[in-house]
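Undergrad: Just start-v5.pdb, nothing more (PDB, C-alpha atoms):
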```
ATOM      1  CA  MET A 687      18.538 -13.120  10.550  1.00  0.00           C
ATOM      2  CA  ASP A 688      17.473  -9.497  10.682  1.00  0.00           C
ATOM      3  CA  VAL A 689      18.714  -8.005   7.408  1.00  0.00           C
ATOM      4  CA  ARG A 690      18.024  -4.315   7.873  1.00  0.00           C
ATOM      5  CA  ALA A 691      18.318  -1.667   5.200  1.00  0.00           C
ATOM      6  CA  HIS A 692      19.935   1.612   6.100  1.00  0.00           C
ATOM      7  CA  ALA A 693      17.664   3.861   8.122  1.00  0.00           C
ATOM      8  CA  ARG A 694      16.501   6.796   6.064  1.00  0.00           C
ATOM      9  CA  SER A 695      15.740  10.413   6.683  1.00  0.00           C
ATOM     10  CA  PRO A 696      12.108  11.215   7.526  1.00  0.00           C
ATOM     11  CA  SER A 697      12.292  14.232   5.206  1.00  0.00           C
ATOM     12  CA  LEU A 698      12.355  12.591   1.787  1.00  0.00           C
ATOM     13  CA  ASN A 699      10.833  14.675  -0.950  1.00  0.00           C
ATOM     14  CA  ARG A 700       7.950  13.419  -3.041  1.00  0.00           C
ATOM     15  CA  ALA A 701      10.101  12.239  -5.947  1.00  0.00           C
ATOM     16  CA  GLN A 702      12.294  10.225  -3.579  1.00  0.00           C
ATOM     17  CA  ARG A 703       9.226   8.654  -2.003  1.00  0.00           C
ATOM     18  CA  ARG A 704       7.733   7.855  -5.398  1.00  0.00           C
ATOM     19  CA  SER A 705      10.916   6.009  -6.337  1.00  0.00           C
ATOM     20  CA  LEU A 706      10.105   3.515  -3.547  1.00  0.00           C
ATOM     21  CA  LEU A 707       6.650   2.674  -4.934  1.00  0.00           C
ATOM     22  CA  HIS A 708       7.413  -0.824  -6.165  1.00  0.00           C
ATOM     23  CA  GLY A 709       7.222  -4.391  -4.919  1.00  0.00           C
ATOM     24  CA  ILE A 710       5.220  -5.864  -2.070  1.00  0.00           C
ATOM     25  CA  TYR A 711       2.926  -3.478  -0.190  1.00  0.00           C
ATOM     26  CA  ALA A 712       1.928  -4.781   3.258  1.00  0.00           C
ATOM     27  CA  ILE A 713      -1.372  -3.715   4.823  1.00  0.00           C
ATOM     28  CA  VAL A 714      -1.478  -4.063   8.609  1.00  0.00           C
ATOM     29  CA  ASN A 715      -4.753  -3.700  10.479  1.00  0.00           C
ATOM     30  CA  ALA A 716      -4.849  -1.823  13.769  1.00  0.00           C
ATOM     31  CA  GLY A 717      -5.147  -3.999  16.849  1.00  0.00           C
ATOM     32  CA  PRO A 718      -3.090  -6.251  19.082  1.00  0.00           C
ATOM     33  CA  GLY A 719       0.045  -7.421  17.335  1.00  0.00           C
ATOM     34  CA  ALA A 720       0.024  -4.747  14.625  1.00  0.00           C
ATOM     35  CA  VAL A 721       3.532  -3.505  15.406  1.00  0.00           C
ATOM     36  CA  ALA A 722       4.991  -7.007  15.618  1.00  0.00           C
ATOM     37  CA  LEU A 723       3.346  -7.937  12.311  1.00  0.00           C
ATOM     38  CA  ALA A 724       4.730  -4.839  10.581  1.00  0.00           C
ATOM     39  CA  GLN A 725       8.185  -5.536  11.957  1.00  0.00           C
ATOM     40  CA  ALA A 726       7.997  -9.117  10.656  1.00  0.00           C
ATOM     41  CA  ALA A 727       6.999  -7.825   7.216  1.00  0.00           C
ATOM     42  CA  LEU A 728       9.934  -5.413   7.216  1.00  0.00           C
ATOM     43  CA  ARG A 729      12.367  -8.133   8.278  1.00  0.00           C
ATOM     44  CA  GLY A 730      10.980 -10.234   5.445  1.00  0.00           C
ATOM     45  CA  GLY A 731      11.912  -7.577   2.882  1.00  0.00           C
ATOM     46  CA  CYS A 732       8.761  -5.468   2.496  1.00  0.00           C
ATOM     47  CA  ARG A 733       9.470  -1.787   1.918  1.00  0.00           C
ATOM     48  CA  ILE A 734       5.935  -0.341   1.969  1.00  0.00           C
ATOM     49  CA  VAL A 735       3.710  -0.654   5.054  1.00  0.00           C
ATOM     50  CA  GLN A 736       0.189   0.713   5.370  1.00  0.00           C
ATOM     51  CA  TYR A 737      -1.501   1.140   8.742  1.00  0.00           C
ATOM     52  CA  ARG A 738      -5.232   0.513   8.365  1.00  0.00           C
ATOM     53  CA  ALA A 739      -7.557   1.442  11.218  1.00  0.00           C
ATOM     54  CA  LYS A 740     -11.214   1.076  10.315  1.00  0.00           C
ATOM     55  CA  GLY A 741     -12.225   1.755  13.915  1.00  0.00           C
ATOM     56  CA  ALA A 742     -10.066   3.130  16.703  1.00  0.00           C
ATOM     57  CA  TRP A 743      -6.400   3.622  15.971  1.00  0.00           C
ATOM     58  CA  SER A 744      -3.531   3.624  18.419  1.00  0.00           C
ATOM     59  CA  PRO A 745      -1.258   6.699  18.355  1.00  0.00           C
ATOM     60  CA  GLU A 746       1.486   4.642  19.982  1.00  0.00           C
ATOM     61  CA  ASP A 747       1.229   1.857  17.418  1.00  0.00           C
ATOM     62  CA  ALA A 748       1.066   4.328  14.535  1.00  0.00           C
ATOM     63  CA  ARG A 749       4.268   6.041  15.641  1.00  0.00           C
ATOM     64  CA  ALA A 750       5.964   2.704  16.281  1.00  0.00           C
ATOM     65  CA  LEU A 751       5.054   1.524  12.775  1.00  0.00           C
ATOM     66  CA  ARG A 752       6.296   4.789  11.286  1.00  0.00           C
ATOM     67  CA  ASP A 753       9.608   4.550  13.115  1.00  0.00           C
ATOM     68  CA  ALA A 754      10.055   0.869  12.229  1.00  0.00           C
ATOM     69  CA  ALA A 755       9.443   1.607   8.554  1.00  0.00           C
ATOM     70  CA  ARG A 756      11.987   4.406   8.557  1.00  0.00           C
ATOM     71  CA  SER A 757      14.580   2.187  10.236  1.00  0.00           C
ATOM     72  CA  TYR A 758      14.280  -0.219   7.296  1.00  0.00           C
ATOM     73  CA  GLY A 759      14.282   2.488   4.632  1.00  0.00           C
ATOM     74  CA  ALA A 760      10.605   1.750   3.942  1.00  0.00           C
ATOM     75  CA  LEU A 761       7.521   3.870   3.288  1.00  0.00           C
ATOM     76  CA  PHE A 762       4.859   4.300   5.970  1.00  0.00           C
ATOM     77  CA  ILE A 763       1.348   4.923   4.611  1.00  0.00           C
ATOM     78  CA  VAL A 764      -1.812   5.720   6.590  1.00  0.00           C
ATOM     79  CA  ASN A 765      -5.152   4.456   5.307  1.00  0.00           C
ATOM     80  CA  ASP A 766      -8.204   6.728   4.951  1.00  0.00           C
ATOM     81  CA  ASP A 767      -7.242   9.681   7.159  1.00  0.00           C
ATOM     82  CA  TRP A 768      -5.082  12.270   5.402  1.00  0.00           C
ATOM     83  CA  LYS A 769      -5.099  14.621   8.394  1.00  0.00           C
ATOM     84  CA  LEU A 770      -3.756  11.806  10.575  1.00  0.00           C
ATOM     85  CA  ALA A 771      -1.087  11.110   7.962  1.00  0.00           C
ATOM     86  CA  ARG A 772      -0.039  14.753   8.096  1.00  0.00           C
ATOM     87  CA  THR A 773       0.008  14.767  11.915  1.00  0.00           C
ATOM     88  CA  LEU A 774       2.181  11.648  11.996  1.00  0.00           C
ATOM     89  CA  GLU A 775       4.471  12.974   9.259  1.00  0.00           C
ATOM     90  CA  ALA A 776       3.768   9.750   7.388  1.00  0.00           C
ATOM     91  CA  ASP A 777       5.154   9.177   3.913  1.00  0.00           C
ATOM     92  CA  GLY A 778       1.647   9.209   2.532  1.00  0.00           C
ATOM     93  CA  VAL A 779      -2.005   8.334   2.732  1.00  0.00           C
ATOM     94  CA  HIS A 780      -4.218   5.906   0.854  1.00  0.00           C
ATOM     95  CA  LEU A 781      -7.751   7.095   0.128  1.00  0.00           C
ATOM     96  CA  GLY A 782     -10.817   5.733  -1.601  1.00  0.00           C
ATOM     97  CA  PRO A 783     -14.047   7.134  -3.048  1.00  0.00           C
ATOM     98  CA  GLU A 784     -15.750   6.176   0.221  1.00  0.00           C
ATOM     99  CA  ASP A 785     -13.295   8.432   2.118  1.00  0.00           C
ATOM    100  CA  VAL A 786     -13.306  11.564  -0.038  1.00  0.00           C
ATOM    101  CA  GLU A 787     -15.054  12.836  -3.141  1.00  0.00           C
ATOM    102  CA  CYS A 788     -12.971  13.137  -6.279  1.00  0.00           C
ATOM    103  CA  ALA A 789     -13.546  16.899  -6.233  1.00  0.00           C
ATOM    104  CA  GLN A 790     -11.640  17.086  -2.925  1.00  0.00           C
ATOM    105  CA  LEU A 791      -8.482  15.465  -4.284  1.00  0.00           C
ATOM    106  CA  PRO A 792      -6.748  18.628  -5.581  1.00  0.00           C
ATOM    107  CA  SER A 793      -7.101  20.402  -2.220  1.00  0.00           C
ATOM    108  CA  ILE A 794      -5.826  17.333  -0.354  1.00  0.00           C
ATOM    109  CA  ARG A 795      -2.889  17.133  -2.770  1.00  0.00           C
ATOM    110  CA  ALA A 796      -2.044  20.759  -1.973  1.00  0.00           C
ATOM    111  CA  ALA A 797      -2.401  20.223   1.785  1.00  0.00           C
ATOM    112  CA  LEU A 798      -0.085  17.207   1.915  1.00  0.00           C
ATOM    113  CA  GLY A 799       2.862  18.792   0.159  1.00  0.00           C
ATOM    114  CA  GLU A 800       5.643  16.209  -0.270  1.00  0.00           C
ATOM    115  CA  ALA A 801       3.587  13.260   1.014  1.00  0.00           C
ATOM    116  CA  LEU A 802       2.335  10.564  -1.331  1.00  0.00           C
ATOM    117  CA  ILE A 803      -1.343   9.990  -2.079  1.00  0.00           C
ATOM    118  CA  GLY A 804      -2.749   6.714  -3.322  1.00  0.00           C
ATOM    119  CA  PHE A 805      -6.364   6.372  -4.439  1.00  0.00           C
ATOM    120  CA  SER A 806      -8.485   3.247  -4.863  1.00  0.00           C
ATOM    121  CA  CYS A 807      -9.908   3.462  -8.361  1.00  0.00           C
ATOM    122  CA  GLY A 808     -12.896   1.398  -9.397  1.00  0.00           C
ATOM    123  CA  THR A 809     -13.816   3.295 -12.552  1.00  0.00           C
ATOM    124  CA  ALA A 810     -12.075   5.058 -15.417  1.00  0.00           C
ATOM    125  CA  GLN A 811     -13.516   8.341 -14.151  1.00  0.00           C
ATOM    126  CA  GLU A 812     -11.926   7.867 -10.721  1.00  0.00           C
ATOM    127  CA  MET A 813      -8.593   7.033 -12.344  1.00  0.00           C
ATOM    128  CA  GLU A 814      -8.785  10.181 -14.468  1.00  0.00           C
ATOM    129  CA  ALA A 815      -9.665  12.290 -11.409  1.00  0.00           C
ATOM    130  CA  ALA A 816      -6.694  10.868  -9.502  1.00  0.00           C
ATOM    131  CA  ALA A 817      -4.356  11.643 -12.389  1.00  0.00           C
ATOM    132  CA  ARG A 818      -5.695  15.186 -12.788  1.00  0.00           C
ATOM    133  CA  ALA A 819      -5.111  15.807  -9.082  1.00  0.00           C
ATOM    134  CA  GLN A 820      -1.494  14.678  -9.505  1.00  0.00           C
ATOM    135  CA  LEU A 821      -1.816  11.758  -7.120  1.00  0.00           C
ATOM    136  CA  ASP A 822       0.968   9.197  -6.922  1.00  0.00           C
ATOM    137  CA  TYR A 823      -0.504   5.744  -7.449  1.00  0.00           C
ATOM    138  CA  ALA A 824      -3.787   3.913  -7.934  1.00  0.00           C
ATOM    139  CA  GLY A 825      -5.053   0.942  -5.965  1.00  0.00           C
ATOM    140  CA  VAL A 826      -6.867  -1.482  -8.269  1.00  0.00           C
ATOM    141  CA  GLY A 827      -8.877  -4.584  -7.386  1.00  0.00           C
ATOM    142  CA  SER A 828     -10.113  -6.771  -6.027  1.00  0.00           C
ATOM    143  CA  VAL A 829      -8.138  -8.998  -8.376  1.00  0.00           C
ATOM    144  CA  PHE A 830      -9.262 -12.222  -6.707  1.00  0.00           C
ATOM    145  CA  ALA A 831     -12.030 -12.875  -4.202  1.00  0.00           C
ATOM    146  CA  THR A 832     -11.093 -11.686  -0.720  1.00  0.00           C
ATOM    147  CA  ALA A 833     -12.683 -11.626   2.716  1.00  0.00           C
ATOM    148  CA  SER A 834     -10.389  -8.829   3.921  1.00  0.00           C
ATOM    149  CA  LYS A 835     -12.556  -6.004   2.563  1.00  0.00           C
ATOM    150  CA  ALA A 836     -16.328  -6.246   2.758  1.00  0.00           C
ATOM    151  CA  ASP A 837     -16.928  -3.711  -0.030  1.00  0.00           C
ATOM    152  CA  ALA A 838     -14.294  -5.040  -2.435  1.00  0.00           C
ATOM    153  CA  GLY A 839     -16.842  -5.761  -5.177  1.00  0.00           C
ATOM    154  CA  GLU A 840     -16.633  -8.431  -7.827  1.00  0.00           C
ATOM    155  CA  PRO A 841     -13.105  -9.619  -8.668  1.00  0.00           C
ATOM    156  CA  ILE A 842     -11.690  -8.178 -11.898  1.00  0.00           C
ATOM    157  CA  GLY A 843      -9.283 -11.069 -12.456  1.00  0.00           C
ATOM    158  CA  VAL A 844      -5.782 -10.915 -13.857  1.00  0.00           C
ATOM    159  CA  ASP A 845      -7.029 -10.012 -17.342  1.00  0.00           C
ATOM    160  CA  GLY A 846      -8.927  -7.047 -15.935  1.00  0.00           C
ATOM    161  CA  LEU A 847      -5.879  -5.995 -13.928  1.00  0.00           C
ATOM    162  CA  ARG A 848      -3.676  -6.216 -17.014  1.00  0.00           C
ATOM    163  CA  ARG A 849      -6.050  -3.991 -19.008  1.00  0.00           C
ATOM    164  CA  VAL A 850      -6.183  -1.393 -16.241  1.00  0.00           C
ATOM    165  CA  ALA A 851      -2.414  -1.385 -15.700  1.00  0.00           C
ATOM    166  CA  ALA A 852      -1.785  -0.915 -19.425  1.00  0.00           C
ATOM    167  CA  ALA A 853      -4.143   2.076 -19.633  1.00  0.00           C
ATOM    168  CA  ALA A 854      -3.559   3.663 -16.218  1.00  0.00           C
ATOM    169  CA  PRO A 855      -1.806   7.051 -16.113  1.00  0.00           C
ATOM    170  CA  LEU A 856      -0.514   6.223 -12.600  1.00  0.00           C
ATOM    171  CA  PRO A 857       1.518   3.343 -11.129  1.00  0.00           C
ATOM    172  CA  VAL A 858      -0.860   0.579 -10.046  1.00  0.00           C
ATOM    173  CA  ALA A 859      -0.968  -1.314  -6.762  1.00  0.00           C
ATOM    174  CA  ALA A 860      -2.929  -4.529  -7.255  1.00  0.00           C
ATOM    175  CA  ILE A 861      -4.971  -5.746  -4.296  1.00  0.00           C
ATOM    176  CA  GLY A 862      -7.298  -8.573  -3.382  1.00  0.00           C
ATOM    177  CA  GLY A 863      -6.553 -12.230  -2.726  1.00  0.00           C
ATOM    178  CA  ILE A 864      -2.880 -11.989  -3.684  1.00  0.00           C
ATOM    179  CA  THR A 865      -0.642 -14.831  -2.481  1.00  0.00           C
ATOM    180  CA  ALA A 866       2.778 -16.272  -3.249  1.00  0.00           C
ATOM    181  CA  GLU A 867       1.033 -18.814  -5.488  1.00  0.00           C
ATOM    182  CA  ASN A 868      -0.512 -16.218  -7.806  1.00  0.00           C
ATOM    183  CA  MET A 869       2.212 -13.573  -7.488  1.00  0.00           C
ATOM    184  CA  HIS A 870       3.743 -14.473 -10.866  1.00  0.00           C
ATOM    185  CA  GLU A 871       0.430 -13.604 -12.572  1.00  0.00           C
ATOM    186  CA  ILE A 872       0.208 -10.290 -10.715  1.00  0.00           C
ATOM    187  CA  ARG A 873       3.795  -9.339 -11.527  1.00  0.00           C
ATOM    188  CA  ALA A 874       3.319 -10.247 -15.195  1.00  0.00           C
ATOM    189  CA  ALA A 875       0.259  -7.960 -15.417  1.00  0.00           C
ATOM    190  CA  GLY A 876       2.543  -4.923 -15.435  1.00  0.00           C
ATOM    191  CA  VAL A 877       1.696  -3.431 -12.039  1.00  0.00           C
ATOM    192  CA  ALA A 878       4.131  -1.518  -9.832  1.00  0.00           C
ATOM    193  CA  MET A 879       3.025  -3.043  -6.525  1.00  0.00           C
ATOM    194  CA  ALA A 880       1.167  -6.004  -5.060  1.00  0.00           C
ATOM    195  CA  ALA A 881      -0.723  -5.269  -1.835  1.00  0.00           C
ATOM    196  CA  VAL A 882      -1.192  -8.098   0.655  1.00  0.00           C
ATOM    197  CA  LEU A 883      -3.079  -8.398   3.914  1.00  0.00           C
ATOM    198  CA  SER A 884      -4.296 -11.931   4.615  1.00  0.00           C
ATOM    199  CA  ALA A 885      -1.216 -13.536   3.060  1.00  0.00           C
ATOM    200  CA  LEU A 886       0.759 -11.824   5.806  1.00  0.00           C
ATOM    201  CA  SER A 887      -1.624 -11.636   8.774  1.00  0.00           C
ATOM    202  CA  LYS A 888      -2.820 -15.242   8.527  1.00  0.00           C
ATOM    203  CA  ALA A 889       0.635 -16.734   8.029  1.00  0.00           C
ATOM    204  CA  HIS A 890       2.084 -19.001  10.706  1.00  0.00           C
ATOM    205  CA  ASP A 891       5.435 -17.261  10.194  1.00  0.00           C
ATOM    206  CA  PRO A 892       4.781 -13.743   8.831  1.00  0.00           C
ATOM    207  CA  GLN A 893       8.449 -12.962   8.258  1.00  0.00           C
ATOM    208  CA  ALA A 894       8.967 -16.110   6.200  1.00  0.00           C
ATOM    209  CA  ALA A 895       5.692 -15.483   4.351  1.00  0.00           C
ATOM    210  CA  MET A 896       6.802 -11.983   3.405  1.00  0.00           C
ATOM    211  CA  ALA A 897      10.220 -13.225   2.333  1.00  0.00           C
ATOM    212  CA  GLY A 898       8.463 -15.713   0.058  1.00  0.00           C
ATOM    213  CA  LEU A 899       6.236 -13.017  -1.429  1.00  0.00           C
ATOM    214  CA  VAL A 900       9.225 -10.755  -2.073  1.00  0.00           C
ATOM    215  CA  ALA A 901      11.147 -13.628  -3.656  1.00  0.00           C
ATOM    216  CA  GLU A 902       8.228 -14.454  -5.973  1.00  0.00           C
ATOM    217  CA  TRP A 903       7.913 -10.804  -6.985  1.00  0.00           C
ATOM    218  CA  ASN A 904      11.627 -10.490  -7.679  1.00  0.00           C
ATOM    219  CA  ALA A 905      11.726 -13.745  -9.639  1.00  0.00           C
ATOM    220  CA  ARG A 906       9.629 -12.300 -12.473  1.00  0.00           C
TER
END
```
Give the structure from the file, written as C-alpha cells.
TA:
Amino acid sequence: MDVRAHARSPSLNRAQRRSLLHGIYAIVNAGPGAVALAQAALRGGCRIVQYRAKGAWSPEDARALRDAARSYGALFIVNDDWKLARTLEADGVHLGPEDVECAQLPSIRAALGEALIGFSCGTAQEMEAAARAQLDYAGVGSVFATASKADAGEPIGVDGLRRVAAAAPLPVAAIGGITAENMHEIRAAGVAMAAVLSALSKAHDPQAAMAGLVAEWNAR
C-alpha cells in the first residue's frame, strides 16, 4: 500500500527544513534504477533522500527524485555539488572536506540562502568550522565497516559515535554499515539521523527494507 504524506510546498524556509532532519536518511546513487529506488524508500517511510552522483548525473533523474520527495513531504538533498543543488532548487546539499575547504563554508552558506547544508566531519576542527559557518547538520562515520565509500576511513564504532553526538554542536547523521540489525545501537547513541545506502540498494524488496529500518528507528 502506498501511504503517501501530504505533498509539500517547494518553498519551505530553512527552519522548516531543519525540522525534518530526523530519522532514516536514504542515499541513492546515480544510475539505472535510481528513481525507482528513491520512490521505494519514500513509500517505505523515509523522509530524507540524497542523490549521490560521483560521476555523471542525470538531470532528468535528479528532477524526478526532487519531485518524488516533495510529493511525500520529504527533503531532497544533493551530494557534493552545491551549485547543482541551487540550480535544482533542492532542499539542501551535503558536502565533505574533499569537496570544499572549510574556509569556503561561510560563502557557500550565504549563497544557498534557505537551503540546508550538511558537512561530513572527521575531526573536531571540521565540526567546529561547520558550526561557525552556521551549517545545519554533520555527517559522522563510518560507524561500522562499509564498502559503499572507498575513503570512509577506519570505523569509529558506536562508542565513538556516542562521544561525537554528545559533544557535537550540530545534529548528527550517522553513516557507515547501518542496518536494521544495528539500528537500535545507532538510535541509542543520541544521533538525529541514520544514513543508509547498502541496506536499501542491496535489499531484495527496498520498500520493505526501508519500512523495517523506519520501524526500528521509531521503536527506540
Undergrad: Please provide the set of residues having any atom within 6 Å of stretch 847-861 of chain A, restricted to all atoms listed in the file, with same-chain residues fewer than 4 positions apart removed, written as a list in words.
TA: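 Contacts, in chain order: Tyr823, Ala824, Gly825, Val826, Gly827, Ser828, Ala875, Val877, Ala878, Met879, Ala880 and Ala881 of chain A.
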Undergrad: How would you write as a short mmCIF file (atom, residue, chain, number, x, y, z; two decimals) with C-alpha atoms, in the frame of the given file the residues that get within 12 Å of (-10.4, 9.5, -15.5) in the file's frame, counting all atoms listed in the file?
TA:
```cif
data_model
loop_
_atom_site.label_atom_id
_atom_site.label_comp_id
_atom_site.auth_asym_id
_atom_site.auth_seq_id
_atom_site.Cartn_x
_atom_site.Cartn_y
_atom_site.Cartn_z
CA CYS A 788 -12.97 13.14 -6.28
CA CYS A 807 -9.91 3.46 -8.36
CA GLY A 808 -12.90 1.40 -9.40
CA THR A 809 -13.82 3.30 -12.55
CA ALA A 810 -12.08 5.06 -15.42
CA GLN A 811 -13.52 8.34 -14.15
CA GLU A 812 -11.93 7.87 -10.72
CA MET A 813 -8.59 7.03 -12.34
CA GLU A 814 -8.78 10.18 -14.47
CA ALA A 815 -9.66 12.29 -11.41
CA ALA A 816 -6.69 10.87 -9.50
CA ALA A 817 -4.36 11.64 -12.39
CA ARG A 818 -5.70 15.19 -12.79
CA ALA A 819 -5.11 15.81 -9.08
CA GLN A 820 -1.49 14.68 -9.51
CA ALA A 824 -3.79 3.91 -7.93
CA VAL A 850 -6.18 -1.39 -16.24
CA ALA A 853 -4.14 2.08 -19.63
CA ALA A 854 -3.56 3.66 -16.22
CA PRO A 855 -1.81 7.05 -16.11
CA LEU A 856 -0.51 6.22 -12.60
#
```
Undergrad: So what do you get for atom CA of A:Val900 versus atom CA of A:Ile713, distance-wise?
TA: 14.5 Å
Undergrad: Give as a PyMOL selection string the residues that the PyMOL selection byres ((chain A and resi 844) around 7) matches when applied to the coordinates above.
TA: chain A and resi 829+842-843+845-848+871-872+875
Undergrad: If you keep C-alpha atoms, can you produce a file of those selected residues as a PDB file, in the coordinates of the input?
TA:
```
ATOM      1  CA  VAL A 829      -8.138  -8.998  -8.376  1.00  0.00           C
ATOM      2  CA  ILE A 842     -11.690  -8.178 -11.898  1.00  0.00           C
ATOM      3  CA  GLY A 843      -9.283 -11.069 -12.456  1.00  0.00           C
ATOM      4  CA  ASP A 845      -7.029 -10.012 -17.342  1.00  0.00           C
ATOM      5  CA  GLY A 846      -8.927  -7.047 -15.935  1.00  0.00           C
ATOM      6  CA  LEU A 847      -5.879  -5.995 -13.928  1.00  0.00           C
ATOM      7  CA  ARG A 848      -3.676  -6.216 -17.014  1.00  0.00           C
ATOM      8  CA  GLU A 871       0.430 -13.604 -12.572  1.00  0.00           C
ATOM      9  CA  ILE A 872       0.208 -10.290 -10.715  1.00  0.00           C
ATOM     10  CA  ALA A 875       0.259  -7.960 -15.417  1.00  0.00           C
TER      11      ALA A 875
END
```
Undergrad: Counting only C-alpha atoms, find the residues whose atoms lie at most 12 Å from (-2.7, 9.7, 6.2) (file coordinates) and write them out as number ranges by chain.
TA: A: 736-739, 748, 752, 762-782, 785, 794-795, 797-798, 801-805
Undergrad: Quick one: residues within 8 Å of stretch 744-746 of chain A, all atoms listed in the file counted, chain neighbours fewer than 3 positions away excluded, as a compact mmCIF listing (two decimals) with C-alpha atoms, in the coordinates of the input?
TA:
```txt
# COMPACT_ATOMS: atom_id res chain seq x y z
CA ALA A 716 -4.85 -1.82 13.77
CA GLY A 717 -5.15 -4.00 16.85
CA ARG A 749 4.27 6.04 15.64
CA ALA A 750 5.96 2.70 16.28
```
